[in-house]
file coords.txt (compact mmCIF, C-alpha atoms and all ligand atoms)
# COMPACT_ATOMS: atom_id res chain seq x y z
CA MET A 19 -3.91 -27.46 -77.65
CA THR A 20 -7.32 -25.96 -76.99
CA ASP A 21 -8.48 -22.32 -77.10
CA GLN A 22 -11.65 -20.42 -76.21
CA TYR A 23 -13.43 -21.86 -79.27
CA THR A 24 -12.80 -25.54 -78.52
CA PHE A 25 -16.00 -27.46 -77.69
CA GLN A 26 -15.41 -29.07 -74.30
CA ASP A 27 -16.82 -29.79 -70.83
CA PRO A 28 -16.50 -26.64 -68.68
CA THR A 29 -16.45 -28.71 -65.48
CA LYS A 30 -13.24 -30.40 -66.67
CA GLN A 31 -11.69 -27.60 -68.68
CA PHE A 32 -9.45 -26.49 -65.79
CA PRO A 33 -8.41 -28.26 -62.56
CA LYS A 34 -10.30 -28.26 -59.29
CA ALA A 35 -8.44 -26.82 -56.32
CA GLY A 36 -6.57 -29.09 -53.89
CA PRO A 37 -3.84 -28.93 -51.24
CA GLU A 38 -1.36 -27.70 -53.87
CA PHE A 39 -3.36 -24.44 -54.06
CA GLN A 40 -2.39 -23.55 -50.47
CA GLN A 41 0.44 -21.02 -50.80
CA LYS A 42 1.32 -17.58 -49.53
CA GLN A 43 3.13 -14.58 -50.98
CA GLU A 44 3.54 -11.00 -49.86
CA GLU A 45 1.23 -8.43 -51.49
CA PRO A 46 1.08 -7.78 -54.46
CA GLY A 47 2.67 -11.14 -55.35
CA LEU A 48 3.98 -12.52 -58.61
CA GLN A 49 2.03 -14.80 -60.91
CA LYS A 50 5.26 -16.46 -62.06
CA GLU A 51 5.80 -17.77 -58.50
CA MET A 52 2.41 -19.48 -58.24
CA THR A 53 1.84 -23.21 -58.59
CA PRO A 54 -0.15 -24.24 -60.41
CA LEU A 55 0.54 -21.32 -62.71
CA PRO A 56 -2.64 -19.39 -63.51
CA ASP A 57 -3.66 -19.49 -67.16
CA SER A 58 -3.96 -15.95 -68.52
CA GLY A 59 -4.20 -17.18 -72.10
CA GLU A 60 -0.48 -16.92 -72.80
CA THR A 61 -0.51 -19.99 -75.02
CA SER A 62 -4.23 -20.41 -75.64
CA TYR A 63 -6.15 -17.19 -76.31
CA ARG A 64 -6.92 -16.90 -80.02
CA GLY A 65 -7.69 -13.49 -81.47
CA THR A 66 -9.90 -12.88 -84.49
CA GLY A 67 -9.41 -9.17 -85.14
CA ARG A 68 -12.25 -7.98 -82.92
CA LEU A 69 -10.30 -4.91 -81.67
CA THR A 70 -8.18 -4.07 -84.69
CA GLY A 71 -6.39 -0.73 -84.30
CA ARG A 72 -7.86 0.02 -80.88
CA LYS A 73 -5.95 1.83 -78.13
CA ALA A 74 -6.34 0.30 -74.68
CA VAL A 75 -5.28 1.08 -71.13
CA VAL A 76 -5.40 -1.93 -68.81
CA THR A 77 -4.68 -1.61 -65.08
CA GLY A 78 -3.41 -4.64 -63.18
CA ALA A 79 -2.12 -5.82 -66.56
CA ASP A 80 0.84 -7.76 -65.15
CA SER A 81 -1.04 -10.70 -63.70
CA GLY A 82 -4.30 -12.55 -63.31
CA ILE A 83 -7.38 -11.14 -64.99
CA GLY A 84 -5.73 -7.90 -66.15
CA ARG A 85 -2.95 -9.88 -67.79
CA ALA A 86 -5.55 -12.05 -69.55
CA ALA A 87 -7.38 -8.95 -70.80
CA ALA A 88 -4.13 -7.31 -71.98
CA ILE A 89 -3.05 -10.43 -73.88
CA ALA A 90 -6.51 -10.85 -75.41
CA TYR A 91 -6.74 -7.18 -76.42
CA ALA A 92 -3.37 -7.43 -78.19
CA ARG A 93 -4.32 -10.68 -79.92
CA GLU A 94 -7.55 -8.96 -81.06
CA GLY A 95 -5.43 -6.20 -82.62
CA ALA A 96 -5.16 -3.46 -79.97
CA ASP A 97 -2.13 -1.54 -78.71
CA VAL A 98 -1.96 -1.63 -74.91
CA VAL A 99 -0.72 0.61 -72.11
CA LEU A 100 -0.07 -1.57 -69.06
CA ALA A 101 -0.42 -0.31 -65.48
CA TYR A 102 0.91 -2.27 -62.49
CA LEU A 103 2.99 -1.79 -59.35
CA PRO A 104 6.80 -1.46 -59.67
CA GLU A 105 7.27 -4.68 -57.62
CA GLU A 106 5.46 -6.55 -60.41
CA GLU A 107 7.96 -5.68 -63.15
CA ALA A 108 8.93 -9.32 -63.73
CA ASP A 109 5.34 -10.35 -64.46
CA ALA A 110 4.71 -7.20 -66.51
CA GLN A 111 7.73 -7.76 -68.74
CA GLU A 112 6.36 -11.16 -69.74
CA VAL A 113 3.12 -9.49 -70.84
CA VAL A 114 5.05 -6.80 -72.75
CA LYS A 115 6.86 -9.56 -74.67
CA LEU A 116 3.61 -11.38 -75.46
CA ILE A 117 1.98 -8.18 -76.77
CA GLU A 118 5.01 -7.31 -78.89
CA ALA A 119 5.01 -10.84 -80.27
CA GLU A 120 1.60 -9.99 -81.78
CA GLY A 121 3.16 -6.99 -83.53
CA ARG A 122 1.25 -4.64 -81.23
CA LYS A 123 2.62 -1.78 -79.16
CA ALA A 124 3.02 -2.33 -75.40
CA VAL A 125 3.74 0.66 -73.16
CA ALA A 126 4.62 -0.20 -69.55
CA VAL A 127 3.78 2.46 -66.97
CA PRO A 128 4.45 1.15 -63.44
CA GLY A 129 3.01 3.13 -60.53
CA ASP A 130 0.45 3.33 -57.76
CA VAL A 131 -3.19 3.89 -58.74
CA ARG A 132 -3.91 5.27 -55.25
CA ASP A 133 -2.17 8.42 -56.49
CA GLU A 134 -4.44 10.65 -58.60
CA ARG A 135 -1.45 12.20 -60.41
CA TYR A 136 -0.29 8.75 -61.51
CA CYS A 137 -3.79 7.98 -62.85
CA VAL A 138 -3.93 11.19 -64.87
CA ASN A 139 -0.39 10.62 -66.13
CA LEU A 140 -1.30 7.06 -67.18
CA ILE A 141 -4.08 8.32 -69.44
CA GLU A 142 -1.91 11.17 -70.79
CA THR A 143 0.82 8.63 -71.58
CA ALA A 144 -1.67 6.53 -73.54
CA VAL A 145 -2.81 9.56 -75.51
CA LYS A 146 0.80 10.48 -76.30
CA GLU A 147 2.19 7.01 -76.98
CA LEU A 148 -0.79 5.36 -78.67
CA GLY A 149 -2.30 8.48 -80.22
CA GLY A 150 -5.45 8.30 -78.07
CA ILE A 151 -7.45 6.03 -75.82
CA ASP A 152 -10.63 4.19 -76.76
CA ILE A 153 -10.64 1.32 -74.26
CA LEU A 154 -10.15 1.69 -70.51
CA ALA A 155 -10.19 -1.57 -68.55
CA ASN A 156 -9.98 -0.90 -64.81
CA ILE A 157 -8.85 -4.24 -63.44
CA ALA A 158 -6.36 -3.37 -60.68
CA GLY A 159 -7.72 -4.27 -57.27
CA LYS A 160 -6.87 -4.82 -53.62
CA GLN A 161 -8.32 -7.65 -51.51
CA GLN A 162 -7.02 -8.43 -48.02
CA PHE A 163 -9.19 -10.42 -45.65
CA VAL A 164 -9.72 -9.24 -42.04
CA GLU A 165 -11.82 -11.40 -39.72
CA GLN A 166 -13.19 -8.73 -37.38
CA ILE A 167 -14.17 -5.11 -37.88
CA GLU A 168 -12.20 -4.25 -34.72
CA ASP A 169 -9.04 -5.21 -36.60
CA LEU A 170 -9.91 -3.40 -39.82
CA THR A 171 -7.86 -0.21 -39.65
CA THR A 172 -8.75 3.09 -41.25
CA GLU A 173 -5.53 2.84 -43.27
CA HIS A 174 -6.55 -0.55 -44.62
CA PHE A 175 -10.13 0.53 -45.39
CA ASP A 176 -8.80 3.64 -47.10
CA ALA A 177 -6.23 1.71 -49.18
CA THR A 178 -8.91 -0.70 -50.42
CA PHE A 179 -11.20 2.17 -51.40
CA LYS A 180 -8.37 4.17 -52.99
CA THR A 181 -7.29 1.20 -55.11
CA ASN A 182 -10.69 -0.16 -56.08
CA VAL A 183 -12.96 2.90 -56.18
CA TYR A 184 -11.01 6.20 -56.28
CA ALA A 185 -8.58 4.98 -58.95
CA MET A 186 -11.51 3.94 -61.14
CA PHE A 187 -13.06 7.39 -60.67
CA TRP A 188 -9.80 9.21 -61.47
CA LEU A 189 -9.04 7.05 -64.49
CA CYS A 190 -12.57 7.30 -65.92
CA LYS A 191 -12.55 11.06 -65.43
CA ALA A 192 -9.17 11.49 -67.13
CA ALA A 193 -9.99 9.09 -69.98
CA ILE A 194 -13.46 10.36 -70.91
CA LYS A 195 -11.99 13.75 -71.84
CA HIS A 196 -10.06 12.05 -74.63
CA MET A 197 -12.55 9.40 -75.73
CA GLN A 198 -14.24 9.51 -79.12
CA PRO A 199 -17.72 8.06 -79.68
CA GLY A 200 -17.41 4.28 -79.80
CA SER A 201 -14.99 4.16 -76.89
CA THR A 202 -15.61 1.78 -74.01
CA ILE A 203 -14.86 1.52 -70.30
CA ILE A 204 -14.93 -1.81 -68.50
CA ASN A 205 -14.76 -1.87 -64.70
CA THR A 206 -14.27 -4.95 -62.54
CA ALA A 207 -16.71 -5.86 -59.79
CA SER A 208 -17.06 -9.31 -58.18
CA ILE A 209 -19.51 -11.89 -56.92
CA GLU A 210 -18.61 -10.25 -53.58
CA ALA A 211 -20.84 -7.32 -54.60
CA TYR A 212 -23.86 -9.65 -54.19
CA GLU A 213 -22.66 -12.32 -51.77
CA PRO A 214 -20.26 -10.47 -49.48
CA GLU A 215 -18.01 -12.66 -47.37
CA PRO A 216 -17.86 -11.39 -43.79
CA ILE A 217 -14.05 -11.36 -43.88
CA LEU A 218 -14.09 -9.11 -46.98
CA LEU A 219 -16.15 -6.28 -45.50
CA ASP A 220 -14.17 -3.46 -47.10
CA TYR A 221 -13.46 -5.24 -50.39
CA ALA A 222 -17.04 -6.41 -50.96
CA THR A 223 -18.28 -2.89 -50.29
CA THR A 224 -15.93 -1.48 -52.95
CA LYS A 225 -17.18 -4.04 -55.45
CA ALA A 226 -20.81 -3.03 -54.91
CA SER A 227 -19.68 0.59 -55.33
CA ILE A 228 -18.01 -0.25 -58.63
CA ASN A 229 -21.27 -1.71 -59.96
CA THR A 230 -23.30 1.30 -58.91
CA PHE A 231 -20.71 3.85 -60.08
CA SER A 232 -20.60 2.13 -63.47
CA LYS A 233 -24.38 2.10 -63.89
CA ALA A 234 -24.58 5.82 -63.06
CA LEU A 235 -21.62 6.78 -65.25
CA ALA A 236 -22.93 4.65 -68.12
CA GLN A 237 -26.11 6.73 -68.25
CA GLN A 238 -24.14 9.96 -67.99
CA VAL A 239 -21.77 9.32 -70.91
CA ALA A 240 -24.02 7.23 -73.18
CA GLU A 241 -24.99 10.36 -75.14
CA LYS A 242 -21.30 10.96 -75.87
CA GLY A 243 -21.24 7.52 -77.50
CA ILE A 244 -19.10 6.09 -74.69
CA ARG A 245 -20.26 2.80 -73.19
CA VAL A 246 -19.47 1.77 -69.62
CA ASN A 247 -19.94 -1.83 -68.47
CA VAL A 248 -18.70 -4.19 -65.78
CA VAL A 249 -17.29 -7.69 -65.53
CA ALA A 250 -18.01 -9.45 -62.22
CA PRO A 251 -15.75 -12.49 -61.80
CA GLY A 252 -16.30 -15.32 -59.36
CA PRO A 253 -13.38 -17.17 -57.74
CA VAL A 254 -10.48 -16.94 -60.17
CA TRP A 255 -7.00 -18.37 -59.57
CA THR A 256 -4.75 -15.28 -59.42
CA PRO A 257 -2.09 -13.70 -57.16
CA LEU A 258 -4.81 -11.67 -55.39
CA GLN A 259 -5.98 -14.85 -53.63
CA VAL A 260 -2.56 -15.99 -52.37
CA VAL A 261 -1.35 -12.65 -51.00
CA GLY A 262 -3.98 -12.50 -48.26
CA GLY A 263 -7.13 -12.23 -50.34
CA GLN A 264 -8.25 -15.43 -48.62
CA PRO A 265 -6.90 -17.37 -45.62
CA THR A 266 -4.33 -19.86 -46.95
CA GLU A 267 -6.19 -22.85 -45.43
CA VAL A 268 -9.31 -22.33 -47.55
CA LEU A 269 -7.43 -22.20 -50.87
CA LYS A 270 -7.53 -25.99 -51.10
CA GLU A 271 -11.29 -25.66 -51.66
CA PHE A 272 -11.09 -22.52 -53.77
CA GLY A 273 -13.98 -22.37 -56.26
CA GLU A 274 -15.76 -25.48 -54.95
CA GLU A 275 -18.81 -23.41 -54.03
CA THR A 276 -19.58 -22.73 -57.68
CA PRO A 277 -21.91 -24.99 -59.71
CA LEU A 278 -18.89 -25.82 -61.91
CA LYS A 279 -17.09 -26.91 -58.68
CA ARG A 280 -13.75 -25.44 -59.66
CA PRO A 281 -11.98 -22.06 -59.72
CA GLY A 282 -12.04 -20.01 -62.87
CA GLN A 283 -8.83 -19.20 -64.71
CA PRO A 284 -8.01 -15.63 -65.78
CA VAL A 285 -8.23 -16.60 -69.47
CA GLU A 286 -11.92 -17.41 -68.91
CA MET A 287 -12.53 -13.74 -68.05
CA ALA A 288 -10.83 -12.42 -71.20
CA PRO A 289 -13.74 -12.92 -73.65
CA ALA A 290 -16.02 -10.88 -71.38
CA PHE A 291 -13.54 -7.97 -71.42
CA VAL A 292 -13.19 -8.30 -75.20
CA PHE A 293 -16.95 -8.42 -75.82
CA LEU A 294 -17.62 -5.32 -73.71
CA ALA A 295 -14.71 -3.44 -75.36
CA SER A 296 -15.82 -4.22 -78.90
CA PRO A 297 -18.67 -2.74 -80.96
CA GLU A 298 -20.27 -6.23 -80.85
CA SER A 299 -21.75 -5.08 -77.55
CA SER A 300 -22.99 -1.76 -79.00
CA TYR A 301 -26.43 -1.93 -77.30
CA VAL A 302 -25.04 -3.15 -73.97
CA VAL A 303 -24.72 -0.19 -71.61
CA GLY A 304 -24.37 -0.13 -67.81
CA GLU A 305 -24.49 -3.93 -67.68
CA THR A 306 -22.62 -6.31 -65.39
CA LEU A 307 -21.47 -9.50 -67.07
CA ASN A 308 -21.06 -12.18 -64.41
CA ALA A 309 -18.39 -14.78 -65.12
CA ASN A 310 -18.54 -16.74 -61.91
CA GLY A 311 -19.02 -20.43 -62.58
CA GLY A 312 -22.79 -20.28 -62.15
CA MET A 313 -23.51 -18.51 -58.87
CA PRO A 314 -26.88 -16.75 -59.18
CA THR A 315 -26.79 -12.95 -59.05
CA PRO A 316 -29.56 -10.33 -58.98
P1 LIG B 1 -4.05 -9.87 -59.50
O1 LIG B 1 -3.32 -9.81 -58.22
O2 LIG B 1 -3.40 -10.60 -60.60
O3 LIG B 1 -4.36 -8.42 -60.04
C1 LIG B 1 -4.54 -7.31 -59.22
C2 LIG B 1 -3.62 -6.24 -59.76
O4 LIG B 1 -3.98 -5.01 -59.16
C3 LIG B 1 -2.15 -6.45 -59.41
O5 LIG B 1 -1.50 -7.22 -60.39
C4 LIG B 1 -1.63 -5.03 -59.37
O6 LIG B 1 -0.98 -4.71 -60.57
C5 LIG B 1 -2.87 -4.18 -59.28
N1 LIG B 1 -2.79 -3.29 -58.12
C6 LIG B 1 -3.12 -3.55 -56.84
N2 LIG B 1 -2.89 -2.46 -56.07
C7 LIG B 1 -2.39 -1.51 -56.91
C8 LIG B 1 -1.96 -0.17 -56.73
N3 LIG B 1 -2.01 0.43 -55.52
N4 LIG B 1 -1.49 0.50 -57.80
C9 LIG B 1 -1.45 -0.08 -59.02
N5 LIG B 1 -1.86 -1.35 -59.25
C10 LIG B 1 -2.33 -2.03 -58.21
O7 LIG B 1 -5.49 -10.45 -59.18
P2 LIG B 1 -6.82 -10.57 -60.06
O8 LIG B 1 -7.65 -11.53 -59.32
O9 LIG B 1 -6.54 -10.78 -61.47
O10 LIG B 1 -7.49 -9.15 -59.83
C11 LIG B 1 -7.96 -8.35 -60.89
C12 LIG B 1 -9.32 -7.79 -60.56
O11 LIG B 1 -10.27 -8.83 -60.53
C13 LIG B 1 -9.42 -7.06 -59.21
O12 LIG B 1 -10.17 -5.88 -59.39
C14 LIG B 1 -10.19 -8.05 -58.36
O13 LIG B 1 -10.91 -7.41 -57.35
C15 LIG B 1 -11.09 -8.67 -59.41
N6 LIG B 1 -11.68 -9.93 -59.01
C16 LIG B 1 -10.89 -11.02 -58.80
C17 LIG B 1 -11.47 -12.20 -58.41
C18 LIG B 1 -10.65 -13.43 -58.16
O14 LIG B 1 -11.19 -14.40 -57.64
N7 LIG B 1 -9.39 -13.48 -58.51
C19 LIG B 1 -12.86 -12.29 -58.25
C20 LIG B 1 -13.62 -11.17 -58.47
C21 LIG B 1 -13.03 -9.99 -58.85
MG MG B 2 0.12 -8.63 -60.14
call {"tool": "encode", "arguments": {"input": "coords.txt", "output": "structure tokens", "more": "lines below"}}
Ligand code: NAD
Ligand code: MG
result
Amino acid sequence: MTDQYTFQDPTKQFPKAGPEFQQKQEEPGLQKEMTPLPDSGETSYRGTGRLTGRKAVVTGADSGIGRAAAIAYAREGADVVLAYLPEEEADAQEVVKLIEAEGRKAVAVPGDVRDERYCVNLIETAVKELGGIDILANIAGKQQFVEQIEDLTTEHFDATFKTNVYAMFWLCKAAIKHMQPGSTIINTASIEAYEPEPILLDYATTKASINTFSKALAQQVAEKGIRVNVVAPGPVWTPLQVVGGQPTEVLKEFGEETPLKRPGQPVEMAPAFVFLASPESSYVVGETLNANGGMPTP
């Protein structure tokens, strides 16, 4: 059994893609129905007390990268409020069990982040149930490929922006009111912010917005002692990719474009979310940490 501290070859640490990666589910999809099963650190992430006593809200906490962050935060000693869509209850309940197994509190709050009232309620629930909020990890996201701009509807464009950009704005706004100095916000961009795929016109644009929003907000709230940073993943094996994030045919080569020549696993994103949440990163403000298998970024 290895964990994030085991010395090993990153090119061989997790499998390359292949024909078995070609699969399709309806949005938002369930991680538990994917094969191979993504690794969100369920059996491998080892905590060392880096977030002892912290109070975290994680969106998209049921699956993929959000699940990995939620598990890691709990193993590092934080209590966690989990946000996800009602259809994802089965995945979310697994995460609740894993968090409770660490002796930490898990509060499940299903709902739709495209609704401002839900976002405000999510933060208020954290304040009430955990006694405050000092970590906000905005990880929920929508990615649906569309080949041609003619076929990209206003409804689709709007839904992508509501999920990826507006929800982040509403959640940051609601959380900052309650945050004490030392608190941290981590938003989730993507390699798509720098190398936009033509079929991800709307999604890539939201991811660039998330970077810019975070750099502006970071400067605004730094004097309150609140740090805002970003994680920008590369290709990571999660439900997002099999629910229409990419055409099914290309999944057999998923991640091959990276210098490591394989997809990332959600658990490989977790240490970035932990580092940026913890006081270890005290002088890191408005930064984007790229975890993308080696693709150069500006
Ligand atoms: P995922 O499908 O596991 O997570 C996305 C989550 O977003 C879902 O689980 C769902 O709970 C949440 N979500 C979507 N729409 C929602 C809504 N309307 N209301 C509430 N929740 C909603 O996939 P993931 O890849 O782990 O995605 C997490 C983040 O990582 C996203 O922001 C995504 O853009 C980003 N990202 C992923 C990759 C990748 O290759 N997987 C690469 C770069 C960035
Ligand atoms: Mg999910």
call {"tool": "atom_distance", "arguments": {"input": "coords.txt", "atom1": "atom CA of Tyr91 of chain A", "atom2": "atom CA of Glu44 of chain A"}}
result
28.7 Å
call {"tool": "residues_around", "arguments": {"input": "coords.txt", "residues": "segment 260-274 of chain A", "least_positions_apart": "3", "cutoff": "9 Å", "atoms": "all atoms listed in the file", "output": "compact mmCIF listing (two decimals) with C-alpha atoms, in the frame of the given file"}}
result
# COMPACT_ATOMS: atom_id res chain seq x y z
CA LYS A 34 -10.30 -28.26 -59.29
CA ALA A 35 -8.44 -26.82 -56.32
CA GLY A 36 -6.57 -29.09 -53.89
CA PRO A 37 -3.84 -28.93 -51.24
CA GLU A 38 -1.36 -27.70 -53.87
CA PHE A 39 -3.36 -24.44 -54.06
CA GLN A 40 -2.39 -23.55 -50.47
CA GLN A 41 0.44 -21.02 -50.80
CA LYS A 42 1.32 -17.58 -49.53
CA GLN A 43 3.13 -14.58 -50.98
CA GLU A 44 3.54 -11.00 -49.86
CA GLU A 45 1.23 -8.43 -51.49
CA PRO A 46 1.08 -7.78 -54.46
CA GLY A 47 2.67 -11.14 -55.35
CA MET A 52 2.41 -19.48 -58.24
CA LYS A 160 -6.87 -4.82 -53.62
CA GLN A 161 -8.32 -7.65 -51.51
CA GLN A 162 -7.02 -8.43 -48.02
CA PHE A 163 -9.19 -10.42 -45.65
CA ILE A 217 -14.05 -11.36 -43.88
CA LEU A 218 -14.09 -9.11 -46.98
CA GLY A 252 -16.30 -15.32 -59.36
CA PRO A 253 -13.38 -17.17 -57.74
CA VAL A 254 -10.48 -16.94 -60.17
CA TRP A 255 -7.00 -18.37 -59.57
CA THR A 256 -4.75 -15.28 -59.42
CA PRO A 257 -2.09 -13.70 -57.16
CA PRO A 277 -21.91 -24.99 -59.71
CA LEU A 278 -18.89 -25.82 -61.91
CA LYS A 279 -17.09 -26.91 -58.68
CA ARG A 280 -13.75 -25.44 -59.66
CA PRO A 281 -11.98 -22.06 -59.72
CA GLY A 282 -12.04 -20.01 -62.87
CA GLY A 311 -19.02 -20.43 -62.58
call {"tool": "residues_around", "arguments": {"input": "coords.txt", "residues": "segment 104-115 of chain A", "least_positions_apart": "5", "cutoff": "9 Å", "atoms": "all atoms listed in the file", "output": "PyMOL selection string"}}
result
chain A and resi 46-50+60+79-81+85+88-89+98+120+123-130
call {"tool": "write_last_selection", "arguments": {"input": "coords.txt", "atoms": "C-alpha atoms", "output": "PDB file, in the frame of the given file"}}
result
ATOM      1  CA  PRO A  46       1.080  -7.780 -54.460  1.00  0.00           C
ATOM      2  CA  GLY A  47       2.670 -11.140 -55.350  1.00  0.00           C
ATOM      3  CA  LEU A  48       3.980 -12.520 -58.610  1.00  0.00           C
ATOM      4  CA  GLN A  49       2.030 -14.800 -60.910  1.00  0.00           C
ATOM      5  CA  LYS A  50       5.260 -16.460 -62.060  1.00  0.00           C
ATOM      6  CA  GLU A  60      -0.480 -16.920 -72.800  1.00  0.00           C
ATOM      7  CA  ALA A  79      -2.120  -5.820 -66.560  1.00  0.00           C
ATOM      8  CA  ASP A  80       0.840  -7.760 -65.150  1.00  0.00           C
ATOM      9  CA  SER A  81      -1.040 -10.700 -63.700  1.00  0.00           C
ATOM     10  CA  ARG A  85      -2.950  -9.880 -67.790  1.00  0.00           C
ATOM     11  CA  ALA A  88      -4.130  -7.310 -71.980  1.00  0.00           C
ATOM     12  CA  ILE A  89      -3.050 -10.430 -73.880  1.00  0.00           C
ATOM     13  CA  VAL A  98      -1.960  -1.630 -74.910  1.00  0.00           C
ATOM     14  CA  GLU A 120       1.600  -9.990 -81.780  1.00  0.00           C
ATOM     15  CA  LYS A 123       2.620  -1.780 -79.160  1.00  0.00           C
ATOM     16  CA  ALA A 124       3.020  -2.330 -75.400  1.00  0.00           C
ATOM     17  CA  VAL A 125       3.740   0.660 -73.160  1.00  0.00           C
ATOM     18  CA  ALA A 126       4.620  -0.200 -69.550  1.00  0.00           C
ATOM     19  CA  VAL A 127       3.780   2.460 -66.970  1.00  0.00           C
ATOM     20  CA  PRO A 128       4.450   1.150 -63.440  1.00  0.00           C
ATOM     21  CA  GLY A 129       3.010   3.130 -60.530  1.00  0.00           C
ATOM     22  CA  ASP A 130       0.450   3.330 -57.760  1.00  0.00           C
TER      23      ASP A 130
END
call {"tool": "atom_distance", "arguments": {"input": "coords.txt", "atom1": "atom CA of Val246 of chain A", "atom2": "atom CA of Val183 of chain A"}}
result
15.0 Å
call {"tool": "residues_around", "arguments": {"input": "coords.txt", "residues": "Ala288 of chain A", "least_positions_apart": "6", "cutoff": "7 Å", "atoms": "all atoms listed in the file", "output": "compact mmCIF listing (two decimals) with C-alpha atoms, in the frame of the given file"}}
result
# COMPACT_ATOMS: atom_id res chain seq x y z
CA ALA A 86 -5.55 -12.05 -69.55
CA ALA A 87 -7.38 -8.95 -70.80
CA ALA A 90 -6.51 -10.85 -75.41
call {"tool": "residues_around", "arguments": {"input": "coords.txt", "residues": "Leu148 of chain A", "least_positions_apart": "3", "cutoff": "9 Å", "atoms": "only C-alpha atoms", "output": "ChimeraX atom specification"}}
result
/A:73-74,97-99,123,125,143-145,151
call {"tool": "residues_around", "arguments": {"input": "coords.txt", "residues": "Tyr184 of chain A", "least_positions_apart": "2", "cutoff": "10 Å", "atoms": "only C-alpha atoms", "output": "list in words"}}
result
Val131, Arg132, Asp133, Glu134, Cys137, Asp176, Ala177, Thr178, Phe179, Lys180, Thr181, Asn182, Met186, Phe187, Trp188, Leu189, Cys190, Thr224 and Ile228 of chain A
call {"tool": "build_atoms", "arguments": {"input": "coords.txt", "residues": "segment 88-99 of chain A", "atoms": "N, CA, C and O atoms", "output": "compact mmCIF listing (two decimals), in the frame of the given file"}}
result
# COMPACT_ATOMS: atom_id res chain seq x y z
N ALA A 88 -5.17 -7.98 -71.17
CA ALA A 88 -4.13 -7.31 -71.98
C ALA A 88 -3.67 -8.21 -73.13
O ALA A 88 -3.53 -7.76 -74.27
N ILE A 89 -3.47 -9.50 -72.83
CA ILE A 89 -3.05 -10.43 -73.88
C ILE A 89 -4.15 -10.56 -74.94
O ILE A 89 -3.90 -10.50 -76.15
N ALA A 90 -5.39 -10.69 -74.47
CA ALA A 90 -6.51 -10.85 -75.41
C ALA A 90 -6.68 -9.60 -76.27
O ALA A 90 -6.88 -9.69 -77.49
N TYR A 91 -6.60 -8.43 -75.65
CA TYR A 91 -6.74 -7.18 -76.42
C TYR A 91 -5.68 -7.12 -77.53
O TYR A 91 -5.98 -6.76 -78.67
N ALA A 92 -4.44 -7.47 -77.18
CA ALA A 92 -3.37 -7.43 -78.19
C ALA A 92 -3.62 -8.45 -79.29
O ALA A 92 -3.45 -8.17 -80.47
N ARG A 93 -4.07 -9.64 -78.90
CA ARG A 93 -4.32 -10.68 -79.92
C ARG A 93 -5.52 -10.30 -80.78
O ARG A 93 -5.63 -10.78 -81.92
N GLU A 94 -6.41 -9.44 -80.27
CA GLU A 94 -7.55 -8.96 -81.06
C GLU A 94 -7.17 -7.73 -81.88
O GLU A 94 -8.01 -7.17 -82.59
N GLY A 95 -5.90 -7.27 -81.74
CA GLY A 95 -5.43 -6.20 -82.62
C GLY A 95 -5.24 -4.84 -81.98
O GLY A 95 -5.04 -3.85 -82.68
N ALA A 96 -5.30 -4.75 -80.64
CA ALA A 96 -5.16 -3.46 -79.97
C ALA A 96 -3.73 -3.22 -79.50
O ALA A 96 -3.00 -4.17 -79.18
N ASP A 97 -3.34 -1.94 -79.43
CA ASP A 97 -2.13 -1.54 -78.71
C ASP A 97 -2.53 -1.33 -77.26
O ASP A 97 -3.67 -0.93 -76.98
N VAL A 98 -1.59 -1.59 -76.33
CA VAL A 98 -1.96 -1.63 -74.91
C VAL A 98 -0.97 -0.86 -74.04
O VAL A 98 0.25 -1.08 -74.12
N VAL A 99 -1.49 0.02 -73.20
CA VAL A 99 -0.72 0.61 -72.11
C VAL A 99 -0.99 -0.22 -70.86
O VAL A 99 -2.16 -0.47 -70.51
